[in-house]
$ cat model_11.txt   # compact mmCIF, N, CA and C atoms
# COMPACT_ATOMS: atom_id res chain seq x y z
N MET A 1 -25.38 -27.66 -10.29
CA MET A 1 -25.54 -26.84 -9.10
C MET A 1 -24.62 -25.63 -9.23
N ASN A 2 -25.19 -24.43 -9.12
CA ASN A 2 -24.38 -23.23 -9.26
C ASN A 2 -23.68 -22.90 -7.93
N HIS A 3 -22.83 -21.89 -8.00
CA HIS A 3 -22.01 -21.50 -6.85
C HIS A 3 -22.86 -21.12 -5.63
N GLU A 4 -23.93 -20.35 -5.87
CA GLU A 4 -24.80 -19.91 -4.76
C GLU A 4 -25.51 -21.09 -4.10
N GLU A 5 -26.00 -22.02 -4.91
CA GLU A 5 -26.67 -23.20 -4.36
C GLU A 5 -25.69 -24.06 -3.57
N ASN A 6 -24.48 -24.19 -4.09
CA ASN A 6 -23.45 -24.96 -3.42
C ASN A 6 -23.10 -24.32 -2.07
N GLU A 7 -22.99 -23.01 -2.05
CA GLU A 7 -22.69 -22.31 -0.79
C GLU A 7 -23.84 -22.47 0.19
N SER A 8 -25.06 -22.40 -0.27
CA SER A 8 -26.22 -22.60 0.59
C SER A 8 -26.24 -24.00 1.18
N LEU A 9 -25.85 -24.97 0.37
CA LEU A 9 -25.78 -26.35 0.86
C LEU A 9 -24.71 -26.47 1.94
N LEU A 10 -23.56 -25.85 1.72
CA LEU A 10 -22.50 -25.87 2.74
C LEU A 10 -22.98 -25.23 4.04
N VAL A 11 -23.69 -24.12 3.94
CA VAL A 11 -24.21 -23.45 5.13
C VAL A 11 -25.16 -24.39 5.87
N ALA A 12 -26.05 -25.04 5.14
CA ALA A 12 -26.99 -25.97 5.77
C ALA A 12 -26.25 -27.12 6.46
N LEU A 13 -25.19 -27.60 5.83
CA LEU A 13 -24.40 -28.67 6.44
C LEU A 13 -23.71 -28.19 7.71
N VAL A 14 -23.17 -26.98 7.66
CA VAL A 14 -22.53 -26.40 8.84
C VAL A 14 -23.54 -26.25 9.97
N GLN A 15 -24.72 -25.82 9.64
CA GLN A 15 -25.76 -25.64 10.65
C GLN A 15 -26.15 -26.96 11.32
N HIS A 16 -25.82 -28.05 10.66
CA HIS A 16 -26.09 -29.37 11.23
C HIS A 16 -24.83 -30.03 11.76
N GLY A 17 -23.77 -29.23 11.97
CA GLY A 17 -22.58 -29.72 12.64
C GLY A 17 -21.45 -30.23 11.77
N ASP A 18 -21.49 -30.03 10.47
CA ASP A 18 -20.44 -30.53 9.58
C ASP A 18 -19.25 -29.58 9.58
N VAL A 19 -18.17 -29.98 10.25
CA VAL A 19 -16.98 -29.15 10.38
C VAL A 19 -16.25 -29.00 9.05
N ALA A 20 -16.22 -30.06 8.25
CA ALA A 20 -15.56 -29.99 6.94
C ALA A 20 -16.24 -28.95 6.05
N ALA A 21 -17.55 -28.86 6.12
CA ALA A 21 -18.28 -27.87 5.33
C ALA A 21 -17.92 -26.46 5.80
N PHE A 22 -17.74 -26.29 7.11
CA PHE A 22 -17.33 -24.98 7.63
C PHE A 22 -15.96 -24.59 7.10
N GLU A 23 -15.04 -25.54 7.07
CA GLU A 23 -13.71 -25.26 6.53
C GLU A 23 -13.79 -24.85 5.06
N LYS A 24 -14.64 -25.51 4.29
CA LYS A 24 -14.81 -25.16 2.88
C LYS A 24 -15.36 -23.74 2.73
N LEU A 25 -16.34 -23.40 3.57
CA LEU A 25 -16.89 -22.04 3.53
C LEU A 25 -15.82 -21.01 3.82
N LEU A 26 -15.02 -21.26 4.86
CA LEU A 26 -13.97 -20.31 5.21
C LEU A 26 -12.92 -20.19 4.11
N LEU A 27 -12.58 -21.30 3.49
CA LEU A 27 -11.61 -21.25 2.39
C LEU A 27 -12.14 -20.40 1.23
N ARG A 28 -13.42 -20.50 0.95
CA ARG A 28 -14.02 -19.69 -0.12
C ARG A 28 -14.01 -18.20 0.22
N LEU A 29 -14.20 -17.91 1.49
CA LEU A 29 -14.29 -16.50 1.91
C LEU A 29 -12.95 -15.87 2.24
N TYR A 30 -11.92 -16.67 2.48
CA TYR A 30 -10.67 -16.14 3.00
C TYR A 30 -10.12 -14.96 2.20
N ARG A 31 -9.85 -15.16 0.93
CA ARG A 31 -9.23 -14.09 0.13
C ARG A 31 -10.11 -12.84 0.01
N PRO A 32 -11.38 -13.00 -0.38
CA PRO A 32 -12.18 -11.77 -0.52
C PRO A 32 -12.40 -11.05 0.81
N LEU A 33 -12.62 -11.80 1.89
CA LEU A 33 -12.82 -11.14 3.19
C LEU A 33 -11.53 -10.50 3.68
N ARG A 34 -10.40 -11.16 3.47
CA ARG A 34 -9.14 -10.59 3.91
C ARG A 34 -8.84 -9.29 3.16
N SER A 35 -9.08 -9.27 1.88
CA SER A 35 -8.89 -8.05 1.09
C SER A 35 -9.81 -6.94 1.58
N TYR A 36 -11.04 -7.29 1.84
CA TYR A 36 -12.03 -6.33 2.33
C TYR A 36 -11.58 -5.74 3.67
N LEU A 37 -11.17 -6.61 4.58
CA LEU A 37 -10.74 -6.15 5.90
C LEU A 37 -9.44 -5.34 5.82
N ALA A 38 -8.52 -5.77 4.97
CA ALA A 38 -7.26 -5.04 4.82
C ALA A 38 -7.52 -3.63 4.31
N ALA A 39 -8.48 -3.48 3.42
CA ALA A 39 -8.82 -2.16 2.91
C ALA A 39 -9.43 -1.28 4.01
N MET A 40 -10.11 -1.90 4.95
CA MET A 40 -10.77 -1.14 6.00
C MET A 40 -9.84 -0.84 7.18
N VAL A 41 -9.12 -1.84 7.67
CA VAL A 41 -8.36 -1.67 8.90
C VAL A 41 -6.85 -1.70 8.70
N GLY A 42 -6.41 -2.01 7.51
CA GLY A 42 -4.98 -2.09 7.24
C GLY A 42 -4.53 -3.54 7.22
N ASP A 43 -3.47 -3.76 6.49
CA ASP A 43 -2.97 -5.11 6.29
C ASP A 43 -2.48 -5.75 7.59
N SER A 44 -1.91 -4.96 8.47
CA SER A 44 -1.34 -5.51 9.70
C SER A 44 -2.40 -6.04 10.66
N VAL A 45 -3.61 -5.53 10.59
CA VAL A 45 -4.68 -5.93 11.51
C VAL A 45 -5.66 -6.90 10.84
N ALA A 46 -5.59 -7.03 9.53
CA ALA A 46 -6.57 -7.83 8.79
C ALA A 46 -6.65 -9.28 9.25
N GLU A 47 -5.51 -9.91 9.52
CA GLU A 47 -5.53 -11.31 9.95
C GLU A 47 -6.24 -11.48 11.29
N ASP A 48 -5.95 -10.58 12.23
CA ASP A 48 -6.62 -10.65 13.54
C ASP A 48 -8.13 -10.46 13.38
N ALA A 49 -8.49 -9.49 12.58
CA ALA A 49 -9.91 -9.23 12.35
C ALA A 49 -10.57 -10.43 11.67
N LEU A 50 -9.88 -11.03 10.72
CA LEU A 50 -10.43 -12.19 10.01
C LEU A 50 -10.63 -13.38 10.96
N GLN A 51 -9.74 -13.54 11.91
CA GLN A 51 -9.92 -14.60 12.90
C GLN A 51 -11.17 -14.35 13.74
N GLU A 52 -11.38 -13.10 14.12
CA GLU A 52 -12.59 -12.76 14.87
C GLU A 52 -13.84 -13.01 14.05
N VAL A 53 -13.78 -12.65 12.77
CA VAL A 53 -14.92 -12.88 11.88
C VAL A 53 -15.22 -14.38 11.79
N SER A 54 -14.19 -15.18 11.60
CA SER A 54 -14.37 -16.64 11.49
C SER A 54 -15.01 -17.20 12.75
N LEU A 55 -14.54 -16.75 13.89
CA LEU A 55 -15.09 -17.24 15.15
C LEU A 55 -16.55 -16.82 15.32
N ARG A 56 -16.85 -15.57 14.97
CA ARG A 56 -18.22 -15.10 15.10
C ARG A 56 -19.14 -15.86 14.15
N ILE A 57 -18.68 -16.12 12.94
CA ILE A 57 -19.48 -16.90 11.98
C ILE A 57 -19.74 -18.28 12.57
N TYR A 58 -18.70 -18.90 13.09
CA TYR A 58 -18.85 -20.25 13.65
C TYR A 58 -19.86 -20.28 14.79
N ARG A 59 -19.79 -19.28 15.65
CA ARG A 59 -20.68 -19.25 16.81
C ARG A 59 -22.14 -18.93 16.45
N HIS A 60 -22.35 -18.18 15.37
CA HIS A 60 -23.70 -17.69 15.09
C HIS A 60 -24.34 -18.23 13.82
N ILE A 61 -23.66 -19.07 13.08
CA ILE A 61 -24.22 -19.54 11.80
C ILE A 61 -25.51 -20.32 12.00
N ARG A 62 -25.66 -20.93 13.15
CA ARG A 62 -26.88 -21.72 13.39
C ARG A 62 -28.12 -20.83 13.44
N PHE A 63 -27.92 -19.52 13.67
CA PHE A 63 -29.05 -18.59 13.73
C PHE A 63 -29.40 -17.98 12.37
N LEU A 64 -28.57 -18.22 11.37
CA LEU A 64 -28.82 -17.69 10.04
C LEU A 64 -30.01 -18.41 9.43
N ARG A 65 -31.07 -17.67 9.18
CA ARG A 65 -32.32 -18.29 8.70
C ARG A 65 -32.27 -18.63 7.23
N GLU A 66 -31.62 -17.79 6.45
CA GLU A 66 -31.61 -17.98 5.00
C GLU A 66 -30.18 -18.24 4.52
N PRO A 67 -29.84 -19.50 4.23
CA PRO A 67 -28.49 -19.82 3.79
C PRO A 67 -28.02 -19.03 2.56
N LYS A 68 -28.95 -18.60 1.72
CA LYS A 68 -28.57 -17.82 0.54
C LYS A 68 -28.00 -16.46 0.92
N ALA A 69 -28.29 -15.99 2.12
CA ALA A 69 -27.80 -14.70 2.58
C ALA A 69 -26.45 -14.80 3.29
N PHE A 70 -25.85 -15.98 3.26
CA PHE A 70 -24.62 -16.20 4.02
C PHE A 70 -23.53 -15.19 3.72
N ARG A 71 -23.22 -15.00 2.45
CA ARG A 71 -22.10 -14.13 2.08
C ARG A 71 -22.35 -12.69 2.55
N ALA A 72 -23.53 -12.17 2.34
CA ALA A 72 -23.85 -10.81 2.80
C ALA A 72 -23.78 -10.74 4.32
N TRP A 73 -24.25 -11.77 4.98
CA TRP A 73 -24.22 -11.85 6.44
C TRP A 73 -22.78 -11.86 6.94
N ALA A 74 -21.91 -12.63 6.28
CA ALA A 74 -20.50 -12.70 6.67
C ALA A 74 -19.81 -11.35 6.49
N TYR A 75 -20.13 -10.64 5.41
CA TYR A 75 -19.54 -9.32 5.20
C TYR A 75 -20.06 -8.30 6.22
N ARG A 76 -21.29 -8.45 6.63
CA ARG A 76 -21.83 -7.55 7.66
C ARG A 76 -21.08 -7.78 8.98
N ILE A 77 -20.81 -9.03 9.31
CA ILE A 77 -20.02 -9.34 10.49
C ILE A 77 -18.62 -8.73 10.36
N ALA A 78 -18.01 -8.90 9.21
CA ALA A 78 -16.67 -8.36 8.98
C ALA A 78 -16.66 -6.84 9.13
N THR A 79 -17.68 -6.19 8.62
CA THR A 79 -17.76 -4.73 8.72
C THR A 79 -17.86 -4.30 10.17
N ARG A 80 -18.68 -4.97 10.94
CA ARG A 80 -18.84 -4.61 12.36
C ARG A 80 -17.53 -4.81 13.12
N ILE A 81 -16.85 -5.90 12.86
CA ILE A 81 -15.58 -6.16 13.53
C ILE A 81 -14.53 -5.14 13.10
N ALA A 82 -14.52 -4.79 11.83
CA ALA A 82 -13.58 -3.76 11.36
C ALA A 82 -13.83 -2.43 12.07
N PHE A 83 -15.08 -2.07 12.24
CA PHE A 83 -15.40 -0.82 12.95
C PHE A 83 -14.93 -0.87 14.40
N VAL A 84 -15.05 -2.02 15.03
CA VAL A 84 -14.56 -2.16 16.41
C VAL A 84 -13.05 -1.96 16.45
N HIS A 85 -12.33 -2.54 15.50
CA HIS A 85 -10.87 -2.37 15.44
C HIS A 85 -10.51 -0.91 15.19
N LEU A 86 -11.23 -0.27 14.30
CA LEU A 86 -10.95 1.14 14.01
C LEU A 86 -11.23 2.01 15.23
N GLU A 87 -12.28 1.72 15.96
CA GLU A 87 -12.61 2.48 17.17
C GLU A 87 -11.54 2.29 18.24
N ARG A 88 -11.06 1.07 18.40
CA ARG A 88 -9.98 0.80 19.37
C ARG A 88 -8.74 1.60 19.02
N GLU A 89 -8.40 1.60 17.73
CA GLU A 89 -7.22 2.33 17.27
C GLU A 89 -7.38 3.82 17.53
N LYS A 90 -8.56 4.34 17.26
CA LYS A 90 -8.85 5.75 17.50
C LYS A 90 -8.72 6.08 18.99
N GLN A 91 -9.27 5.22 19.85
CA GLN A 91 -9.17 5.44 21.29
C GLN A 91 -7.72 5.37 21.75
N TRP A 92 -6.96 4.44 21.19
CA TRP A 92 -5.57 4.30 21.58
C TRP A 92 -4.78 5.54 21.18
N ARG A 93 -5.01 6.07 19.98
CA ARG A 93 -4.32 7.30 19.55
C ARG A 93 -4.67 8.45 20.47
N LYS A 94 -5.93 8.50 20.90
CA LYS A 94 -6.36 9.56 21.81
C LYS A 94 -5.62 9.44 23.14
N VAL A 95 -5.49 8.22 23.64
CA VAL A 95 -4.78 8.00 24.91
C VAL A 95 -3.30 8.32 24.75
N GLU A 96 -2.70 7.87 23.65
CA GLU A 96 -1.27 8.11 23.43
C GLU A 96 -0.93 9.59 23.37
N SER A 97 -1.83 10.40 22.83
CA SER A 97 -1.55 11.82 22.70
C SER A 97 -1.92 12.62 23.94
N ASP A 98 -2.49 11.98 24.94
CA ASP A 98 -2.87 12.64 26.18
C ASP A 98 -1.61 12.98 26.98
N PRO A 99 -1.41 14.27 27.34
CA PRO A 99 -0.22 14.67 28.09
C PRO A 99 -0.08 13.94 29.44
N ASP A 100 -1.19 13.69 30.11
CA ASP A 100 -1.12 12.97 31.38
C ASP A 100 -0.58 11.55 31.18
N PHE A 101 -1.00 10.91 30.11
CA PHE A 101 -0.51 9.57 29.80
C PHE A 101 0.99 9.62 29.52
N GLN A 102 1.41 10.63 28.75
CA GLN A 102 2.82 10.75 28.40
C GLN A 102 3.68 11.01 29.63
N GLN A 103 3.15 11.77 30.59
CA GLN A 103 3.90 12.02 31.82
C GLN A 103 3.94 10.77 32.70
N ALA A 104 2.87 10.03 32.72
CA ALA A 104 2.81 8.84 33.56
C ALA A 104 3.73 7.73 33.04
N PHE A 105 3.92 7.68 31.73
CA PHE A 105 4.75 6.65 31.13
C PHE A 105 5.81 7.28 30.23
N PRO A 106 6.80 7.95 30.83
CA PRO A 106 7.83 8.59 30.01
C PRO A 106 8.67 7.53 29.30
N SER A 107 9.28 7.94 28.24
CA SER A 107 10.16 7.02 27.51
C SER A 107 11.29 6.59 28.42
N VAL A 108 11.56 5.34 28.40
CA VAL A 108 12.63 4.81 29.23
C VAL A 108 13.86 4.62 28.35
N ALA A 109 14.94 5.31 28.71
CA ALA A 109 16.18 5.17 27.95
C ALA A 109 16.86 3.88 28.35
N MET A 110 17.46 3.24 27.39
CA MET A 110 18.17 2.00 27.67
C MET A 110 19.42 2.34 28.47
N PRO A 111 19.65 1.63 29.55
CA PRO A 111 20.85 1.91 30.34
C PRO A 111 22.10 1.53 29.55
N ARG A 112 23.14 2.31 29.76
CA ARG A 112 24.41 2.02 29.09
C ARG A 112 25.05 0.82 29.76
N LYS A 113 25.74 0.07 28.95
CA LYS A 113 26.46 -1.08 29.51
C LYS A 113 27.71 -0.55 30.21
N SER A 114 27.86 -0.95 31.42
CA SER A 114 29.07 -0.55 32.13
C SER A 114 29.99 -1.75 32.24
N PRO A 115 31.26 -1.49 32.18
CA PRO A 115 32.18 -2.63 32.27
C PRO A 115 32.04 -3.30 33.65
N ILE A 116 32.12 -4.59 33.66
CA ILE A 116 32.03 -5.34 34.90
C ILE A 116 33.40 -5.33 35.56
N PRO A 117 33.44 -4.84 36.80
CA PRO A 117 34.73 -4.80 37.47
C PRO A 117 35.23 -6.21 37.78
N ASN A 118 36.53 -6.36 37.66
CA ASN A 118 37.14 -7.65 38.00
C ASN A 118 37.19 -7.81 39.51
N SER A 119 36.78 -8.91 40.01
CA SER A 119 36.80 -9.11 41.45
C SER A 119 37.96 -9.95 41.86

$ encode --input "model_11.txt" --output "structure tokens"
Amino acid sequence: MNHEENESLLVALVQHGDVAAFEKLLLRLYRPLRSYLAAMVGDSVAEDALQEVSLRIYRHIRFLREPKAFRAWAYRIATRIAFVHLEREKQWRKVESDPDFQQAFPSVAMPRKSPIPNS
């Protein structure tokens, strides 16, 4: 049994409720998907994005019609989630640079420690 057939079998098992098969699929995908996501959204966000990808795969794998397409399907999910993260970051940068936002939330200086008077 080659790698693709084995992966298709795992997908079919997952579709029938086999949690151990799902764990095996995720272990196979972890490194390549994490590298892919890190290249797209940065290393600091890759783990969060990968968790979202794993959850989405878990929730929707039962709808995957062709188990042989699993890997391409998983990467498509990862790409969509990466784009969502990139869009959020872009929106946040836009908000951060907005003068009204900067006026509404000025930097707060740390108060100096004052000596406690003896009572």

$ atom_distance --input "model_11.txt" --atom1 "atom N of Leu37 (chain A)" --atom2 "atom N of Trp73 (chain A)"
14.1 Å

$ atom_distance --input "model_11.txt" --atom1 "atom N of Ile61 (chain A)" --atom2 "atom C of Val11 (chain A)"
9.1 Å

$ closest_residue --input "model_11.txt" --among "A:Leu25, A:Ala69, A:Ala82, A:Ala20" --to "Glu52 (chain A)" --atoms "only C-alpha atoms"
A:Ala82

$ closest_residue --input "model_11.txt" --among "A:Val45, A:Leu33, A:Leu26, A:Ala38" --to "Tyr75 (chain A)" --atoms "only N, CA and C atoms"
A:Leu33

$ residues_around --input "model_11.txt" --residues "region 8-10 of chain A" --least-positions-apart "4" --cutoff "10 Å" --atoms "only C-alpha atoms" --output "number ranges by chain"
A: 1, 3-4, 14-16, 18-25, 66-71

$ atom_distance --input "model_11.txt" --atom1 "atom N of Asp48 (chain A)" --atom2 "atom N of Arg62 (chain A)"
22.3 Å

$ axis_aligned_box --input "model_11.txt" --around "region 67-83 of chain A" --padding-each-side "4 Å" --output "JSON"
{"center_x": -21.7, "center_y": -10.3, "center_z": 7.5, "size_x": 24.3, "size_y": 27.0, "size_z": 21.9}

$ closest_residue --input "model_11.txt" --among "A:Ala72, A:Leu64, A:Leu27, A:Ala78" --to "Ala49 (chain A)" --atoms "all atoms listed in the file"
A:Ala78

$ residues_near_point --input "model_11.txt" --point "(-7.2, -9.8, 2.3)" --cutoff "12 Å" --atoms "only C-alpha atoms" --output "PDB file with N, CA and C atoms, in the frame of the given file"
ATOM      1  N   LEU A  29     -14.200 -17.910   1.490  1.00  0.00           N
ATOM      2  CA  LEU A  29     -14.290 -16.500   1.910  1.00  0.00           C
ATOM      3  C   LEU A  29     -12.950 -15.870   2.240  1.00  0.00           C
ATOM      4  N   TYR A  30     -11.920 -16.670   2.480  1.00  0.00           N
ATOM      5  CA  TYR A  30     -10.670 -16.140   3.000  1.00  0.00           C
ATOM      6  C   TYR A  30     -10.120 -14.960   2.200  1.00  0.00           C
ATOM      7  N   ARG A  31      -9.850 -15.160   0.930  1.00  0.00           N
ATOM      8  CA  ARG A  31      -9.230 -14.090   0.130  1.00  0.00           C
ATOM      9  C   ARG A  31     -10.110 -12.840   0.010  1.00  0.00           C
ATOM     10  N   PRO A  32     -11.380 -13.000  -0.380  1.00  0.00           N
ATOM     11  CA  PRO A  32     -12.180 -11.770  -0.520  1.00  0.00           C
ATOM     12  C   PRO A  32     -12.400 -11.050   0.810  1.00  0.00           C
ATOM     13  N   LEU A  33     -12.620 -11.800   1.890  1.00  0.00           N
ATOM     14  CA  LEU A  33     -12.820 -11.140   3.190  1.00  0.00           C
ATOM     15  C   LEU A  33     -11.530 -10.500   3.680  1.00  0.00           C
ATOM     16  N   ARG A  34     -10.400 -11.160   3.470  1.00  0.00           N
ATOM     17  CA  ARG A  34      -9.140 -10.590   3.910  1.00  0.00           C
ATOM     18  C   ARG A  34      -8.840  -9.290   3.160  1.00  0.00           C
ATOM     19  N   SER A  35      -9.080  -9.270   1.880  1.00  0.00           N
ATOM     20  CA  SER A  35      -8.890  -8.050   1.090  1.00  0.00           C
ATOM     21  C   SER A  35      -9.810  -6.940   1.580  1.00  0.00           C
ATOM     22  N   TYR A  36     -11.040  -7.290   1.840  1.00  0.00           N
ATOM     23  CA  TYR A  36     -12.030  -6.330   2.330  1.00  0.00           C
ATOM     24  C   TYR A  36     -11.580  -5.740   3.670  1.00  0.00           C
ATOM     25  N   LEU A  37     -11.170  -6.610   4.580  1.00  0.00           N
ATOM     26  CA  LEU A  37     -10.740  -6.150   5.900  1.00  0.00           C
ATOM     27  C   LEU A  37      -9.440  -5.340   5.820  1.00  0.00           C
ATOM     28  N   ALA A  38      -8.520  -5.770   4.970  1.00  0.00           N
ATOM     29  CA  ALA A  38      -7.260  -5.040   4.820  1.00  0.00           C
ATOM     30  C   ALA A  38      -7.520  -3.630   4.310  1.00  0.00           C
ATOM     31  N   ALA A  39      -8.480  -3.480   3.420  1.00  0.00           N
ATOM     32  CA  ALA A  39      -8.820  -2.160   2.910  1.00  0.00           C
ATOM     33  C   ALA A  39      -9.430  -1.280   4.010  1.00  0.00           C
ATOM     34  N   MET A  40     -10.110  -1.900   4.950  1.00  0.00           N
ATOM     35  CA  MET A  40     -10.770  -1.140   6.000  1.00  0.00           C
ATOM     36  C   MET A  40      -9.840  -0.840   7.180  1.00  0.00           C
ATOM     37  N   VAL A  41      -9.120  -1.840   7.670  1.00  0.00           N
ATOM     38  CA  VAL A  41      -8.360  -1.670   8.900  1.00  0.00           C
ATOM     39  C   VAL A  41      -6.850  -1.700   8.700  1.00  0.00           C
ATOM     40  N   GLY A  42      -6.410  -2.010   7.510  1.00  0.00           N
ATOM     41  CA  GLY A  42      -4.980  -2.090   7.240  1.00  0.00           C
ATOM     42  C   GLY A  42      -4.530  -3.540   7.220  1.00  0.00           C
ATOM     43  N   ASP A  43      -3.470  -3.760   6.490  1.00  0.00           N
ATOM     44  CA  ASP A  43      -2.970  -5.110   6.290  1.00  0.00           C
ATOM     45  C   ASP A  43      -2.480  -5.750   7.590  1.00  0.00           C
ATOM     46  N   SER A  44      -1.910  -4.960   8.470  1.00  0.00           N
ATOM     47  CA  SER A  44      -1.340  -5.510   9.700  1.00  0.00           C
ATOM     48  C   SER A  44      -2.400  -6.040  10.660  1.00  0.00           C
ATOM     49  N   VAL A  45      -3.610  -5.530  10.590  1.00  0.00           N
ATOM     50  CA  VAL A  45      -4.680  -5.930  11.510  1.00  0.00           C
ATOM     51  C   VAL A  45      -5.660  -6.900  10.840  1.00  0.00           C
ATOM     52  N   ALA A  46      -5.590  -7.030   9.530  1.00  0.00           N
ATOM     53  CA  ALA A  46      -6.570  -7.830   8.790  1.00  0.00           C
ATOM     54  C   ALA A  46      -6.650  -9.280   9.250  1.00  0.00           C
ATOM     55  N   GLU A  47      -5.510  -9.910   9.520  1.00  0.00           N
ATOM     56  CA  GLU A  47      -5.530 -11.310   9.950  1.00  0.00           C
ATOM     57  C   GLU A  47      -6.240 -11.480  11.290  1.00  0.00           C
ATOM     58  N   ASP A  48      -5.950 -10.580  12.230  1.00  0.00           N
ATOM     59  CA  ASP A  48      -6.620 -10.650  13.540  1.00  0.00           C
ATOM     60  C   ASP A  48      -8.130 -10.460  13.380  1.00  0.00           C
ATOM     61  N   ALA A  49      -8.490  -9.490  12.580  1.00  0.00           N
ATOM     62  CA  ALA A  49      -9.910  -9.230  12.350  1.00  0.00           C
ATOM     63  C   ALA A  49     -10.570 -10.430  11.670  1.00  0.00           C
ATOM     64  N   LEU A  50      -9.880 -11.030  10.720  1.00  0.00           N
ATOM     65  CA  LEU A  50     -10.430 -12.190  10.010  1.00  0.00           C
ATOM     66  C   LEU A  50     -10.630 -13.380  10.960  1.00  0.00           C
ATOM     67  N   GLN A  51      -9.740 -13.540  11.910  1.00  0.00           N
ATOM     68  CA  GLN A  51      -9.920 -14.600  12.900  1.00  0.00           C
ATOM     69  C   GLN A  51     -11.170 -14.350  13.740  1.00  0.00           C
ATOM     70  N   ALA A  78     -18.010  -8.900   9.210  1.00  0.00           N
ATOM     71  CA  ALA A  78     -16.670  -8.360   8.980  1.00  0.00           C
ATOM     72  C   ALA A  78     -16.660  -6.840   9.130  1.00  0.00           C
TER      73      ALA A  78
END

$ decode --input "model_11.txt" --residues "region 28-40 of chain A" --atoms "N, CA, C and O atoms" --output "compact mmCIF listing (two decimals), in the first residue's frame"
# COMPACT_ATOMS: atom_id res chain seq x y z
N ARG A 28 0.88 13.54 10.20
CA ARG A 28 1.50 13.55 8.87
C ARG A 28 1.54 14.96 8.27
O ARG A 28 2.45 15.30 7.56
N LEU A 29 0.51 15.72 8.56
CA LEU A 29 0.40 17.06 7.96
C LEU A 29 1.08 18.15 8.78
O LEU A 29 1.32 19.24 8.26
N TYR A 30 1.38 17.90 10.04
CA TYR A 30 1.84 18.95 10.94
C TYR A 30 3.01 19.74 10.37
O TYR A 30 2.92 20.95 10.19
N ARG A 31 4.12 19.08 10.10
CA ARG A 31 5.33 19.81 9.65
C ARG A 31 5.12 20.53 8.32
O ARG A 31 5.44 21.72 8.22
N PRO A 32 4.63 19.84 7.29
CA PRO A 32 4.49 20.56 6.02
C PRO A 32 3.47 21.71 6.09
O PRO A 32 3.71 22.79 5.55
N LEU A 33 2.37 21.50 6.80
CA LEU A 33 1.37 22.58 6.90
C LEU A 33 1.90 23.73 7.74
O LEU A 33 1.65 24.90 7.44
N ARG A 34 2.62 23.43 8.81
CA ARG A 34 3.16 24.49 9.64
C ARG A 34 4.17 25.33 8.86
O ARG A 34 4.17 26.55 8.96
N SER A 35 5.02 24.68 8.10
CA SER A 35 5.98 25.41 7.27
C SER A 35 5.27 26.29 6.25
O SER A 35 5.64 27.44 6.02
N TYR A 36 4.25 25.74 5.64
CA TYR A 36 3.46 26.47 4.65
C TYR A 36 2.82 27.70 5.28
O TYR A 36 2.90 28.80 4.75
N LEU A 37 2.19 27.51 6.44
CA LEU A 37 1.53 28.63 7.11
C LEU A 37 2.54 29.65 7.62
O LEU A 37 2.30 30.86 7.53
N ALA A 38 3.67 29.19 8.13
CA ALA A 38 4.70 30.12 8.61
C ALA A 38 5.21 30.99 7.48
O ALA A 38 5.47 32.19 7.67
N ALA A 39 5.34 30.42 6.30
CA ALA A 39 5.78 31.20 5.15
C ALA A 39 4.74 32.24 4.75
O ALA A 39 5.09 33.32 4.25
N MET A 40 3.48 31.95 4.98
CA MET A 40 2.42 32.87 4.59
C MET A 40 2.14 33.93 5.65
O MET A 40 2.01 35.11 5.31
